[in-house]
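The file final_38.cif comes next; it holds mmCIF, N, CA and C atoms.
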```
data_entry
loop_
_atom_site.label_atom_id
_atom_site.label_comp_id
_atom_site.auth_asym_id
_atom_site.auth_seq_id
_atom_site.Cartn_x
_atom_site.Cartn_y
_atom_site.Cartn_z
N GLN A 1 -249.17 -10.77 22.19
CA GLN A 1 -249.99 -11.00 21.00
C GLN A 1 -249.19 -11.80 19.98
N VAL A 2 -249.79 -12.87 19.51
CA VAL A 2 -249.13 -13.73 18.54
C VAL A 2 -249.28 -13.16 17.14
N GLN A 3 -248.17 -13.12 16.42
CA GLN A 3 -248.21 -12.68 15.02
C GLN A 3 -247.36 -13.62 14.17
N LEU A 4 -247.94 -14.02 13.05
CA LEU A 4 -247.21 -14.74 12.02
C LEU A 4 -247.31 -13.91 10.75
N VAL A 5 -246.19 -13.43 10.26
CA VAL A 5 -246.19 -12.53 9.11
C VAL A 5 -245.45 -13.18 7.95
N GLU A 6 -246.22 -13.49 6.90
CA GLU A 6 -245.63 -14.10 5.72
C GLU A 6 -245.13 -13.04 4.75
N SER A 7 -244.11 -13.39 3.99
CA SER A 7 -243.59 -12.52 2.95
C SER A 7 -242.93 -13.38 1.88
N GLY A 8 -242.66 -12.74 0.74
CA GLY A 8 -241.93 -13.43 -0.32
C GLY A 8 -242.79 -13.93 -1.48
N GLY A 9 -244.10 -13.75 -1.37
CA GLY A 9 -244.96 -14.15 -2.48
C GLY A 9 -244.80 -13.22 -3.66
N GLY A 10 -245.40 -13.61 -4.79
CA GLY A 10 -245.33 -12.78 -5.97
C GLY A 10 -245.73 -13.53 -7.21
N LEU A 11 -245.39 -12.95 -8.35
CA LEU A 11 -245.69 -13.53 -9.66
C LEU A 11 -244.41 -14.10 -10.24
N VAL A 12 -244.49 -15.35 -10.70
CA VAL A 12 -243.32 -16.00 -11.27
C VAL A 12 -243.78 -16.88 -12.43
N GLN A 13 -242.91 -17.08 -13.39
CA GLN A 13 -243.23 -17.95 -14.52
C GLN A 13 -243.07 -19.42 -14.11
N ALA A 14 -243.78 -20.28 -14.80
CA ALA A 14 -243.64 -21.71 -14.56
C ALA A 14 -242.19 -22.12 -14.69
N GLY A 15 -241.75 -22.97 -13.77
CA GLY A 15 -240.36 -23.38 -13.74
C GLY A 15 -239.48 -22.54 -12.85
N GLY A 16 -240.01 -21.41 -12.42
CA GLY A 16 -239.24 -20.50 -11.58
C GLY A 16 -239.28 -20.88 -10.11
N SER A 17 -238.69 -20.00 -9.30
CA SER A 17 -238.57 -20.25 -7.87
C SER A 17 -239.00 -19.04 -7.06
N LEU A 18 -239.47 -19.32 -5.86
CA LEU A 18 -239.77 -18.30 -4.87
C LEU A 18 -239.39 -18.83 -3.50
N ARG A 19 -239.07 -17.92 -2.60
CA ARG A 19 -238.80 -18.31 -1.22
C ARG A 19 -239.74 -17.53 -0.31
N LEU A 20 -240.59 -18.24 0.39
CA LEU A 20 -241.49 -17.62 1.35
C LEU A 20 -240.85 -17.62 2.73
N SER A 21 -241.15 -16.57 3.48
CA SER A 21 -240.70 -16.48 4.86
C SER A 21 -241.90 -16.22 5.76
N CYS A 22 -241.81 -16.69 6.97
CA CYS A 22 -242.84 -16.42 7.98
C CYS A 22 -242.13 -16.08 9.28
N ALA A 23 -242.27 -14.82 9.69
CA ALA A 23 -241.66 -14.36 10.93
C ALA A 23 -242.68 -14.43 12.05
N ALA A 24 -242.32 -15.09 13.13
CA ALA A 24 -243.23 -15.28 14.25
C ALA A 24 -242.83 -14.43 15.44
N SER A 25 -243.82 -13.94 16.14
CA SER A 25 -243.59 -13.22 17.39
C SER A 25 -244.71 -13.56 18.36
N GLY A 26 -244.41 -13.42 19.65
CA GLY A 26 -245.42 -13.69 20.67
C GLY A 26 -245.57 -15.15 21.03
N ILE A 27 -244.71 -16.00 20.47
CA ILE A 27 -244.74 -17.42 20.82
C ILE A 27 -243.32 -17.89 21.12
N ILE A 28 -243.22 -19.01 21.82
CA ILE A 28 -241.91 -19.64 22.01
C ILE A 28 -241.67 -20.48 20.76
N PHE A 29 -241.01 -19.87 19.80
CA PHE A 29 -240.92 -20.43 18.46
C PHE A 29 -240.39 -21.85 18.46
N SER A 30 -239.36 -22.09 19.25
CA SER A 30 -238.65 -23.37 19.14
C SER A 30 -239.50 -24.57 19.53
N ILE A 31 -240.55 -24.38 20.31
CA ILE A 31 -241.35 -25.52 20.74
C ILE A 31 -242.55 -25.77 19.83
N ASN A 32 -242.72 -24.87 18.85
CA ASN A 32 -243.86 -25.01 17.95
C ASN A 32 -243.47 -25.73 16.67
N ASN A 33 -244.39 -26.54 16.19
CA ASN A 33 -244.27 -27.09 14.86
C ASN A 33 -244.73 -26.01 13.88
N MET A 34 -244.01 -25.85 12.79
CA MET A 34 -244.30 -24.78 11.85
C MET A 34 -244.64 -25.36 10.49
N GLY A 35 -245.75 -24.90 9.94
CA GLY A 35 -246.18 -25.46 8.67
C GLY A 35 -246.59 -24.41 7.67
N TRP A 36 -246.74 -24.87 6.44
CA TRP A 36 -247.27 -24.05 5.36
C TRP A 36 -248.49 -24.76 4.77
N TYR A 37 -249.51 -23.97 4.51
CA TYR A 37 -250.71 -24.44 3.84
C TYR A 37 -250.99 -23.50 2.68
N ARG A 38 -251.86 -23.91 1.79
CA ARG A 38 -252.22 -23.03 0.67
C ARG A 38 -253.69 -23.20 0.32
N GLN A 39 -254.23 -22.15 -0.26
CA GLN A 39 -255.63 -22.17 -0.68
C GLN A 39 -255.76 -21.51 -2.03
N ALA A 40 -256.15 -22.29 -3.00
CA ALA A 40 -256.38 -21.79 -4.34
C ALA A 40 -257.82 -21.29 -4.45
N PRO A 41 -258.10 -20.41 -5.41
CA PRO A 41 -259.47 -19.88 -5.56
C PRO A 41 -260.49 -21.00 -5.73
N GLY A 42 -261.53 -20.96 -4.93
CA GLY A 42 -262.59 -21.95 -5.05
C GLY A 42 -262.28 -23.29 -4.46
N LYS A 43 -261.14 -23.42 -3.79
CA LYS A 43 -260.74 -24.70 -3.21
C LYS A 43 -260.53 -24.58 -1.71
N GLN A 44 -260.50 -25.72 -1.05
CA GLN A 44 -260.24 -25.73 0.38
C GLN A 44 -258.76 -25.54 0.64
N ARG A 45 -258.46 -25.05 1.83
CA ARG A 45 -257.07 -24.92 2.24
C ARG A 45 -256.46 -26.32 2.34
N GLU A 46 -255.23 -26.44 1.83
CA GLU A 46 -254.58 -27.74 1.84
C GLU A 46 -253.18 -27.65 2.44
N TYR A 47 -252.78 -28.75 3.01
CA TYR A 47 -251.48 -28.87 3.63
C TYR A 47 -250.38 -28.88 2.58
N VAL A 48 -249.27 -28.21 2.88
CA VAL A 48 -248.12 -28.20 1.97
C VAL A 48 -246.91 -28.90 2.62
N ALA A 49 -246.52 -28.41 3.79
CA ALA A 49 -245.33 -28.96 4.43
C ALA A 49 -245.30 -28.56 5.90
N VAL A 50 -244.53 -29.29 6.69
CA VAL A 50 -244.34 -28.96 8.09
C VAL A 50 -242.90 -29.26 8.48
N VAL A 51 -242.39 -28.41 9.37
CA VAL A 51 -241.11 -28.71 10.03
C VAL A 51 -241.43 -28.76 11.52
N PHE A 52 -241.19 -29.90 12.13
CA PHE A 52 -241.52 -30.10 13.52
C PHE A 52 -240.49 -29.41 14.42
N SER A 53 -240.84 -29.27 15.68
CA SER A 53 -239.92 -28.66 16.63
C SER A 53 -238.61 -29.45 16.70
N SER A 54 -238.66 -30.72 16.38
CA SER A 54 -237.47 -31.57 16.37
C SER A 54 -236.55 -31.29 15.18
N GLY A 55 -237.12 -30.62 14.16
CA GLY A 55 -236.36 -30.37 12.93
C GLY A 55 -236.72 -31.30 11.80
N SER A 56 -237.42 -32.37 12.08
CA SER A 56 -237.83 -33.26 11.00
C SER A 56 -238.91 -32.59 10.15
N THR A 57 -239.06 -33.07 8.94
CA THR A 57 -239.96 -32.43 7.98
C THR A 57 -240.89 -33.44 7.33
N ASN A 58 -241.95 -32.90 6.77
CA ASN A 58 -242.90 -33.72 6.02
C ASN A 58 -243.52 -32.86 4.93
N TYR A 59 -243.84 -33.49 3.79
CA TYR A 59 -244.35 -32.76 2.64
C TYR A 59 -245.58 -33.44 2.05
N ALA A 60 -246.43 -32.62 1.47
CA ALA A 60 -247.51 -33.16 0.66
C ALA A 60 -246.90 -33.78 -0.60
N ASP A 61 -247.53 -34.82 -1.10
CA ASP A 61 -247.00 -35.49 -2.29
C ASP A 61 -246.88 -34.54 -3.48
N SER A 62 -247.78 -33.57 -3.55
CA SER A 62 -247.81 -32.66 -4.70
C SER A 62 -246.60 -31.73 -4.77
N VAL A 63 -245.88 -31.57 -3.66
CA VAL A 63 -244.74 -30.66 -3.65
C VAL A 63 -243.43 -31.36 -3.33
N LYS A 64 -243.49 -32.63 -3.01
CA LYS A 64 -242.30 -33.38 -2.63
C LYS A 64 -241.28 -33.35 -3.76
N GLY A 65 -240.04 -33.03 -3.39
CA GLY A 65 -238.98 -32.94 -4.39
C GLY A 65 -238.83 -31.58 -5.03
N ARG A 66 -239.82 -30.71 -4.82
CA ARG A 66 -239.75 -29.36 -5.40
C ARG A 66 -239.67 -28.28 -4.33
N PHE A 67 -240.31 -28.50 -3.20
CA PHE A 67 -240.35 -27.52 -2.12
C PHE A 67 -239.48 -28.02 -0.95
N THR A 68 -238.89 -27.06 -0.25
CA THR A 68 -238.11 -27.38 0.94
C THR A 68 -238.50 -26.44 2.07
N ILE A 69 -238.89 -27.01 3.19
CA ILE A 69 -239.23 -26.21 4.37
C ILE A 69 -238.05 -26.25 5.33
N SER A 70 -237.81 -25.10 5.98
CA SER A 70 -236.73 -25.03 6.96
C SER A 70 -237.10 -24.00 8.01
N ARG A 71 -236.37 -24.04 9.11
CA ARG A 71 -236.64 -23.08 10.18
C ARG A 71 -235.33 -22.58 10.75
N ASP A 72 -235.38 -21.34 11.24
CA ASP A 72 -234.25 -20.73 11.93
C ASP A 72 -234.78 -20.28 13.29
N ASN A 73 -234.51 -21.07 14.31
CA ASN A 73 -235.04 -20.75 15.64
C ASN A 73 -234.45 -19.47 16.21
N ALA A 74 -233.24 -19.13 15.79
CA ALA A 74 -232.62 -17.89 16.28
C ALA A 74 -233.33 -16.66 15.73
N LYS A 75 -233.95 -16.81 14.56
CA LYS A 75 -234.65 -15.69 13.93
C LYS A 75 -236.16 -15.82 14.03
N ASN A 76 -236.64 -16.88 14.69
CA ASN A 76 -238.09 -17.11 14.81
C ASN A 76 -238.76 -17.09 13.44
N THR A 77 -238.14 -17.73 12.49
CA THR A 77 -238.61 -17.67 11.11
C THR A 77 -238.62 -19.06 10.49
N VAL A 78 -239.67 -19.31 9.71
CA VAL A 78 -239.76 -20.54 8.92
C VAL A 78 -239.78 -20.14 7.45
N TYR A 79 -239.16 -20.98 6.62
CA TYR A 79 -239.03 -20.68 5.20
C TYR A 79 -239.66 -21.79 4.37
N LEU A 80 -240.07 -21.42 3.17
CA LEU A 80 -240.50 -22.41 2.20
C LEU A 80 -239.84 -22.06 0.87
N GLN A 81 -238.84 -22.84 0.50
CA GLN A 81 -238.19 -22.66 -0.79
C GLN A 81 -238.98 -23.46 -1.82
N MET A 82 -239.46 -22.77 -2.84
CA MET A 82 -240.30 -23.40 -3.85
C MET A 82 -239.59 -23.33 -5.20
N ASN A 83 -239.25 -24.48 -5.74
CA ASN A 83 -238.58 -24.58 -7.03
C ASN A 83 -239.48 -25.29 -8.03
N SER A 84 -239.13 -25.17 -9.29
CA SER A 84 -239.89 -25.82 -10.36
C SER A 84 -241.38 -25.57 -10.22
N LEU A 85 -241.73 -24.32 -10.02
CA LEU A 85 -243.13 -23.97 -9.77
C LEU A 85 -244.01 -24.24 -10.98
N LYS A 86 -245.23 -24.63 -10.69
CA LYS A 86 -246.21 -24.97 -11.72
C LYS A 86 -247.42 -24.05 -11.56
N PRO A 87 -248.19 -23.84 -12.62
CA PRO A 87 -249.40 -23.01 -12.50
C PRO A 87 -250.33 -23.51 -11.40
N GLU A 88 -250.37 -24.80 -11.16
CA GLU A 88 -251.26 -25.35 -10.13
C GLU A 88 -250.77 -25.05 -8.71
N ASP A 89 -249.59 -24.47 -8.58
CA ASP A 89 -249.12 -24.02 -7.28
C ASP A 89 -249.68 -22.65 -6.91
N THR A 90 -250.37 -22.03 -7.84
CA THR A 90 -250.96 -20.71 -7.58
C THR A 90 -251.96 -20.80 -6.45
N ALA A 91 -251.77 -19.97 -5.43
CA ALA A 91 -252.61 -20.00 -4.24
C ALA A 91 -252.16 -18.91 -3.27
N VAL A 92 -252.97 -18.71 -2.26
CA VAL A 92 -252.52 -17.94 -1.10
C VAL A 92 -251.87 -18.93 -0.14
N TYR A 93 -250.65 -18.62 0.27
CA TYR A 93 -249.89 -19.50 1.15
C TYR A 93 -249.95 -18.95 2.58
N PHE A 94 -250.31 -19.84 3.49
CA PHE A 94 -250.48 -19.46 4.88
C PHE A 94 -249.44 -20.17 5.77
N CYS A 95 -248.93 -19.42 6.71
CA CYS A 95 -248.03 -19.97 7.72
C CYS A 95 -248.87 -20.43 8.92
N ASN A 96 -248.45 -21.54 9.51
CA ASN A 96 -249.17 -22.11 10.64
C ASN A 96 -248.18 -22.50 11.73
N ALA A 97 -248.53 -22.19 12.96
CA ALA A 97 -247.73 -22.61 14.12
C ALA A 97 -248.66 -23.36 15.07
N TYR A 98 -248.23 -24.52 15.50
CA TYR A 98 -249.08 -25.25 16.43
C TYR A 98 -248.26 -26.05 17.42
N ASN A 99 -248.88 -26.23 18.60
CA ASN A 99 -248.32 -27.12 19.61
C ASN A 99 -249.50 -27.86 20.23
N SER A 100 -249.29 -28.50 21.34
CA SER A 100 -250.35 -29.33 21.91
C SER A 100 -251.53 -28.51 22.44
N LEU A 101 -251.31 -27.21 22.61
CA LEU A 101 -252.35 -26.37 23.19
C LEU A 101 -252.92 -25.33 22.24
N ARG A 102 -252.14 -24.87 21.29
CA ARG A 102 -252.54 -23.73 20.48
C ARG A 102 -252.27 -23.96 19.00
N ASN A 103 -253.02 -23.20 18.21
CA ASN A 103 -252.87 -23.27 16.74
C ASN A 103 -253.01 -21.85 16.22
N TYR A 104 -252.02 -21.37 15.47
CA TYR A 104 -252.00 -19.99 15.00
C TYR A 104 -251.83 -19.95 13.48
N TRP A 105 -252.40 -18.88 12.89
CA TRP A 105 -252.32 -18.70 11.44
C TRP A 105 -251.87 -17.29 11.09
N GLY A 106 -251.13 -17.19 10.00
CA GLY A 106 -250.81 -15.90 9.44
C GLY A 106 -251.90 -15.46 8.48
N GLN A 107 -251.70 -14.29 7.88
CA GLN A 107 -252.70 -13.71 6.99
C GLN A 107 -252.57 -14.19 5.55
N GLY A 108 -251.42 -14.77 5.23
CA GLY A 108 -251.24 -15.32 3.90
C GLY A 108 -250.47 -14.41 2.96
N THR A 109 -249.85 -15.02 1.97
CA THR A 109 -249.15 -14.29 0.91
C THR A 109 -249.48 -14.96 -0.42
N GLN A 110 -249.76 -14.14 -1.42
CA GLN A 110 -250.20 -14.65 -2.71
C GLN A 110 -249.01 -15.12 -3.54
N VAL A 111 -249.14 -16.30 -4.10
CA VAL A 111 -248.18 -16.83 -5.07
C VAL A 111 -248.94 -17.11 -6.36
N THR A 112 -248.47 -16.51 -7.44
CA THR A 112 -249.10 -16.71 -8.74
C THR A 112 -248.05 -17.21 -9.72
N VAL A 113 -248.33 -18.34 -10.34
CA VAL A 113 -247.41 -18.94 -11.30
C VAL A 113 -248.06 -18.89 -12.68
N SER A 114 -247.43 -18.18 -13.58
CA SER A 114 -247.98 -18.06 -14.93
C SER A 114 -247.41 -19.14 -15.84
N SER A 115 -248.24 -19.56 -16.80
CA SER A 115 -247.80 -20.62 -17.72
C SER A 115 -247.13 -20.05 -18.96
#
```
Structure translated into structure tokens:
Amino acid sequence: QVQLVESGGGLVQAGGSLRLSCAASGIIFSINNMGWYRQAPGKQREYVAVVFSSGSTNYADSVKGRFTISRDNAKNTVYLQMNSLKPEDTAVYFCNAYNSLRNYWGQGTQVTVSS
């Protein structure tokens, strides 16, 4: 059974930092591309960042320079370091794992940034 379990969300003031983690089980972690998405109230889910199985990364323009995605294949975990947080970063953040055959989602973790 595949599980993606996010943690590390919470309430932070604007300008602060949070580090999200996503622990994966039931998949061959190293061959999967791992991403983060977010969904704010009343909005569609949007892409945030991805770290490919190769280790290369990509970011949405809205978070570039502020967020850093990384992965630890030994721990089957992907991280999202979020710095200089803004109120518009408030959303539920979802972990995503995908390869050429499958696409998996976690349950999400709430991030709230107060102004």
| query | What lies within 8 Å of Met82 (chain A) using all atoms listed in the file, ignoring chain neighbours under 3 positions off, as an MDAnalysis selection string? | reply | chainID A and resid 15:20 66:69 79 85:86
Keeping only N, CA and C atoms, take the residues you just selected and write them out as a short mmCIF file (atom, residue, chain, number, x, y, z; two decimals), keeping the file's coordinate frame.
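For reference, selection-v5.cif as written:
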```cif
data_model
loop_
_atom_site.label_atom_id
_atom_site.label_comp_id
_atom_site.auth_asym_id
_atom_site.auth_seq_id
_atom_site.Cartn_x
_atom_site.Cartn_y
_atom_site.Cartn_z
N GLY A 15 -241.75 -22.97 -13.77
CA GLY A 15 -240.36 -23.38 -13.74
C GLY A 15 -239.48 -22.54 -12.85
N GLY A 16 -240.01 -21.41 -12.42
CA GLY A 16 -239.24 -20.50 -11.58
C GLY A 16 -239.28 -20.88 -10.11
N SER A 17 -238.69 -20.00 -9.30
CA SER A 17 -238.57 -20.25 -7.87
C SER A 17 -239.00 -19.04 -7.06
N LEU A 18 -239.47 -19.32 -5.86
CA LEU A 18 -239.77 -18.30 -4.87
C LEU A 18 -239.39 -18.83 -3.50
N ARG A 19 -239.07 -17.92 -2.60
CA ARG A 19 -238.80 -18.31 -1.22
C ARG A 19 -239.74 -17.53 -0.31
N LEU A 20 -240.59 -18.24 0.39
CA LEU A 20 -241.49 -17.62 1.35
C LEU A 20 -240.85 -17.62 2.73
N ARG A 66 -239.82 -30.71 -4.82
CA ARG A 66 -239.75 -29.36 -5.40
C ARG A 66 -239.67 -28.28 -4.33
N PHE A 67 -240.31 -28.50 -3.20
CA PHE A 67 -240.35 -27.52 -2.12
C PHE A 67 -239.48 -28.02 -0.95
N THR A 68 -238.89 -27.06 -0.25
CA THR A 68 -238.11 -27.38 0.94
C THR A 68 -238.50 -26.44 2.07
N ILE A 69 -238.89 -27.01 3.19
CA ILE A 69 -239.23 -26.21 4.37
C ILE A 69 -238.05 -26.25 5.33
N TYR A 79 -239.16 -20.98 6.62
CA TYR A 79 -239.03 -20.68 5.20
C TYR A 79 -239.66 -21.79 4.37
N LEU A 85 -241.73 -24.32 -10.02
CA LEU A 85 -243.13 -23.97 -9.77
C LEU A 85 -244.01 -24.24 -10.98
N LYS A 86 -245.23 -24.63 -10.69
CA LYS A 86 -246.21 -24.97 -11.72
C LYS A 86 -247.42 -24.05 -11.56
#
```
What would the selection look like, as a tab-separated table (two decimals) with N, CA and C atoms, keeping the file's coordinate frame, if the PyMOL selection byres (((chain A and resi 102 and name CA) around 12) and name CA) were run on the coordinates I just shared?
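Result written to expr_19.tsv:
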```
chain	number	residue	atom	x	y	z
A	2	VAL	N	-249.79	-12.87	19.51
A	2	VAL	CA	-249.13	-13.73	18.54
A	2	VAL	C	-249.28	-13.16	17.14
A	27	ILE	N	-244.71	-16.00	20.47
A	27	ILE	CA	-244.74	-17.42	20.82
A	27	ILE	C	-243.32	-17.89	21.12
A	28	ILE	N	-243.22	-19.01	21.82
A	28	ILE	CA	-241.91	-19.64	22.01
A	28	ILE	C	-241.67	-20.48	20.76
A	31	ILE	N	-240.55	-24.38	20.31
A	31	ILE	CA	-241.35	-25.52	20.74
A	31	ILE	C	-242.55	-25.77	19.83
A	32	ASN	N	-242.72	-24.87	18.85
A	32	ASN	CA	-243.86	-25.01	17.95
A	32	ASN	C	-243.47	-25.73	16.67
A	33	ASN	N	-244.39	-26.54	16.19
A	33	ASN	CA	-244.27	-27.09	14.86
A	33	ASN	C	-244.73	-26.01	13.88
A	34	MET	N	-244.01	-25.85	12.79
A	34	MET	CA	-244.30	-24.78	11.85
A	34	MET	C	-244.64	-25.36	10.49
A	96	ASN	N	-248.45	-21.54	9.51
A	96	ASN	CA	-249.17	-22.11	10.64
A	96	ASN	C	-248.18	-22.50	11.73
A	97	ALA	N	-248.53	-22.19	12.96
A	97	ALA	CA	-247.73	-22.61	14.12
A	97	ALA	C	-248.66	-23.36	15.07
A	98	TYR	N	-248.23	-24.52	15.50
A	98	TYR	CA	-249.08	-25.25	16.43
A	98	TYR	C	-248.26	-26.05	17.42
A	99	ASN	N	-248.88	-26.23	18.60
A	99	ASN	CA	-248.32	-27.12	19.61
A	99	ASN	C	-249.50	-27.86	20.23
A	100	SER	N	-249.29	-28.50	21.34
A	100	SER	CA	-250.35	-29.33	21.91
A	100	SER	C	-251.53	-28.51	22.44
A	101	LEU	N	-251.31	-27.21	22.61
A	101	LEU	CA	-252.35	-26.37	23.19
A	101	LEU	C	-252.92	-25.33	22.24
A	103	ASN	N	-253.02	-23.20	18.21
A	103	ASN	CA	-252.87	-23.27	16.74
A	103	ASN	C	-253.01	-21.85	16.22
A	104	TYR	N	-252.02	-21.37	15.47
A	104	TYR	CA	-252.00	-19.99	15.00
A	104	TYR	C	-251.83	-19.95	13.48
A	105	TRP	N	-252.40	-18.88	12.89
A	105	TRP	CA	-252.32	-18.70	11.44
A	105	TRP	C	-251.87	-17.29	11.09
```
| query | Of the residues A:Val113, A:Ala40, A:Ala74, A:Val63, which is the one nearest to Ala91 (chain A), using only C-alpha atoms? | reply |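 Closest to Ala91 (chain A) of all the choices is A:Ala40.
Closest approach to Ser114 (chain A) among A:Lys43, A:Ala14, A:Lys75, A:Gly55 is made by A:Ala14 (distances from only N, CA and C atoms).
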| In Å to one decimal, how far is CA of Cys95 (chain A) from CA of Val5 (chain A)? |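 Straight-line distance from CA of Val5 (chain A) to CA of Cys95 (chain A) works out to 7.8 Å.
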| Hey, what comes out of the PyMOL selection byres ((chain A and resi 48) around 6.5) on this file? Could you write it as a ChimeraX atom specification? | /A:36-38,46-47,49-50,58-60
